[in-house]
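Student: One structure, as structure tokens, below. Some questions next.
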Amino acid sequence: MNGWNLAAAVLLGAGGTAALWGVTTGPPARRVIAQNMTTSAVCPALLLLSQGYGRPAYVDLALLLALLGPVGTLVFARLLSDDLSDGPPSARVLTWTAAGAGAAVVLAVCVAVGPGRALVKLLVTGALLIGGNIIASRALADGFQGVRGG
Amino acid sequence: MADALIVVALLLVAASATAAVAQRDPARQALVLSFMGVLLAALFTVLQAPDVGLSQLAVGSALTPLLIMLSVRKVRRRGRARKEPE
Amino acid sequence: MNRLRLWLLAVGGAGLAALLVAACLDLPGFGGDRHPYGDRAVHASLLRHTANTVASVNFDQRAYDTLGEMSILFAAVLGCVVLLRQARDEHRAPPEPAGVARPVRRYALLVLPVALVTGLYVIAHGQLSPGGGFQGGVVAATALHLLYLGADYGALERVRPLGVYETTDALATGAYLVLGLAPVLAGTAFLANTLLPYGTFNTLSSGGTVPLLNAAIGMEVASAAVVLLAHFLDQAVEIEEEHGS
């Protein structure tokens, strides 16, 4: 067990438990925010795991999650927009904390990997993760208006 | 110590699967299910099965929620349409 | 009648439980270090210059099983298409365009090509790194639907000629079968990986027929997912029941 795996276990345990609690309790608005936070907790954990196991190919998992996680949140933001319209959820502090944590993890893994093609993939993953997280948060707050027929 | 990761991932998957069954509203079930899908992918990674983890991520993070939520929307719309003519 | 059903469920459940317990008692220990099947699979995949053993098992050593899985997906999507068709007492109403915030729309249009390329990358590297036709195909199909999420259904319909995807689905299924039959004509077994050179280890063209079968599965899964989602979207967004029927 090295430091990377330990960090991944802590991130997965703490972030996963918090997100699970958020996604199973409270009004719909809070649940979708917790669903969005799942991506920002698990994706950095997958990056840490790929570094901890010494298997660069595992970065593909983080890349896919960084791509598709926000898409999943957009699905809920669009198709639950009626439920979300009464109390538009705003989680600015949480969103930026998650973005900062994601950036820190990506930076740490980038420094450990060093320059090369793997670094480019890591940077793309990081950009997709942070950008997707912020945009998905925005979409939950007031992304879709007047979705009735479409 | 490597088992700690497996235990954490397994516990979260088991807890979220139970929570998904305990919800009553299909839309809320879909939210818990998408959480479980992502955690399941993490569990597969921890168990050194990245191919299965990728399949789970591809299907569970966006495609399954989209299918479920589209079905929910159809059922809700039909409910509205039935009520309106009366 | 209800009581009979409960009894049937109880008997079936008890039988299943007994079999599961019996099977669990015979399982090898969790995370052990002896993997006789794994060692043989790795050996066979290295002989055929396939870097990802899972891809070698899926598309070479057990390619026949993958044919079965592909047929299941094909039949399941076909069943959904039949079930979700527009019935006689339903009509189509064009969906109203939705109001999408500008950053969300921009994000969707920006990520769509990235997701499409990622899907193709996952398919193409199936025999080298984790991934393959199924995973990449689903990602590529999901990418298209960012147009629905970030714009509206009309925009998606314009770039999605459904007939083309249905044809591609059938063609890819046929391609897998043809790739399986070619070795039979050459005098070996169905789906045997003997026709093509195995290539240089850990390059895109290595593994004989593995990349080709992988690509066929990628095409099949991507178009099947698009067709499936298209019928779900039609039902959820466009098709309405006639009032008063």
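Following the order of the structure tokens, chains are lettered A, B, ..., residues in each are numbered from 1, and ligands are numbered from 1.
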Using only C-alpha atoms, find which residues of chain C lie within 9 Å of chain A and jot them down as a PyMOL selection string.
Tutor: chain C and resi 93-105+107-108+111+114-115+118-119+122+129-131+139+142-143+146+148-150+152-154+236-238
Student: Quick check: residues of chain C within 10 Å of chain B, only C-alpha atoms, returned as a PDB file with C-alpha atoms, in the first residue's frame.
Tutor:
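Saved file out.pdb follows:
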```pdb
ATOM      1  CA  GLY C  31      -7.710 -13.068  -4.292  1.00  0.00           C
ATOM      2  CA  ASN C  52      -4.707  -7.058 -23.769  1.00  0.00           C
ATOM      3  CA  VAL C  54      -9.182  -9.688 -22.095  1.00  0.00           C
ATOM      4  CA  ALA C  55      -9.489  -8.672 -25.757  1.00  0.00           C
ATOM      5  CA  GLY C 119     -15.053   6.509 -28.242  1.00  0.00           C
ATOM      6  CA  VAL C 122     -11.269   3.212 -26.944  1.00  0.00           C
ATOM      7  CA  GLY C 126      -9.157  -2.502 -27.589  1.00  0.00           C
ATOM      8  CA  SER C 129      -5.269  -1.374 -23.324  1.00  0.00           C
ATOM      9  CA  PRO C 130      -8.484  -1.802 -21.322  1.00  0.00           C
ATOM     10  CA  GLY C 131     -11.507  -1.061 -23.483  1.00  0.00           C
ATOM     11  CA  GLY C 132     -12.810  -2.378 -26.766  1.00  0.00           C
ATOM     12  CA  GLY C 133     -15.742  -2.316 -29.119  1.00  0.00           C
ATOM     13  CA  PHE C 134     -18.512  -2.374 -26.529  1.00  0.00           C
ATOM     14  CA  GLN C 135     -17.133   0.365 -24.287  1.00  0.00           C
ATOM     15  CA  GLY C 136     -16.085   2.655 -27.138  1.00  0.00           C
ATOM     16  CA  GLY C 137     -19.311   2.069 -29.051  1.00  0.00           C
ATOM     17  CA  VAL C 138     -21.435   3.123 -26.081  1.00  0.00           C
ATOM     18  CA  VAL C 139     -19.298   6.259 -25.563  1.00  0.00           C
ATOM     19  CA  ALA C 140     -19.602   7.236 -29.234  1.00  0.00           C
ATOM     20  CA  ALA C 141     -23.378   6.710 -29.164  1.00  0.00           C
ATOM     21  CA  THR C 142     -23.693   8.734 -25.937  1.00  0.00           C
ATOM     22  CA  ALA C 143     -21.657  11.537 -27.536  1.00  0.00           C
ATOM     23  CA  HIS C 145     -26.982  12.558 -27.633  1.00  0.00           C
ATOM     24  CA  LEU C 149     -29.053  17.481 -23.960  1.00  0.00           C
ATOM     25  CA  ALA C 225     -27.392   2.189 -28.827  1.00  0.00           C
ATOM     26  CA  LEU C 228     -32.449   2.130 -29.016  1.00  0.00           C
ATOM     27  CA  LEU C 229     -32.188   5.689 -27.673  1.00  0.00           C
ATOM     28  CA  PHE C 232     -36.997   5.903 -26.390  1.00  0.00           C
ATOM     29  CA  LEU C 233     -36.626   9.594 -27.330  1.00  0.00           C
ATOM     30  CA  ASP C 234     -39.411   9.350 -29.922  1.00  0.00           C
ATOM     31  CA  GLN C 235     -41.727   7.902 -27.304  1.00  0.00           C
ATOM     32  CA  ALA C 236     -40.753  10.383 -24.580  1.00  0.00           C
ATOM     33  CA  VAL C 237     -40.633  13.549 -26.683  1.00  0.00           C
ATOM     34  CA  GLU C 238     -42.647  13.217 -29.890  1.00  0.00           C
ATOM     35  CA  ILE C 239     -45.266  10.485 -29.822  1.00  0.00           C
ATOM     36  CA  GLU C 240     -48.540  11.352 -28.078  1.00  0.00           C
ATOM     37  CA  GLU C 241     -51.701   9.376 -27.539  1.00  0.00           C
ATOM     38  CA  GLU C 242     -54.855  10.580 -29.292  1.00  0.00           C
ATOM     39  CA  HIS C 243     -57.151  12.312 -26.791  1.00  0.00           C
ATOM     40  CA  GLY C 244     -60.427  10.685 -25.910  1.00  0.00           C
TER      41      GLY C 244
END
```
Student: Could you give me, as a list in words, the residues within 10 Å of Phe190 of chain C, counting only C-alpha atoms and dropping anything in the same chain fewer than 3 positions from it?
Tutor: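 In the requested format, the answer is Ala63, Tyr64, Leu177, Val178, Leu179, Gly180, Leu181, Ala182, Pro183, Val184, Leu185, Gly187 and Asn193 of chain C.
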Student: Distance limit 10 Å, atoms considered: only C-alpha atoms. Which chain A residues sit that close to chain B? Return them as JSON, numbers by chain.
Tutor: {"A": [1, 2, 5, 6, 8, 9, 10, 12, 13, 14, 16, 17, 19, 20, 21, 22, 23, 24, 25, 27, 28, 31, 32, 34, 35, 36, 37, 38, 39, 42, 43, 45, 46, 49, 50, 53, 57, 58, 59, 60, 61, 62, 64, 65, 67, 68, 69, 70, 71, 72, 73, 74, 75, 76, 78, 79, 80, 148, 149]}
Student: If you run DSSP on the backbone, which residues of chain B are alpha helix (DSSP H), as number ranges by chain?
Tutor: B: 2-22, 26-46, 50-58, 64-83
Student: Which of segment 3-201 of chain C counts as strand (DSSP E) under DSSP, as a ChimeraX atom specification please?
Tutor: /C:90-92,99-100
Student: At what distance in Å, to one decimal, does atom CA of Glu166 of chain C lie from atom CA of Val81 of chain C?
Tutor: 10.3 Å
Student: Please compute the atom CA of Asn202 of chain C-atom CA of His49 of chain C distance, one decimal, in Å.
Tutor: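 That distance, rounded to one decimal, is 7.3 Å.
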Student: What's the separation between atom CA of Val106 of chain A and atom CA of Gly126 of chain A, in Å to one decimal place?
Tutor: 5.9 Å
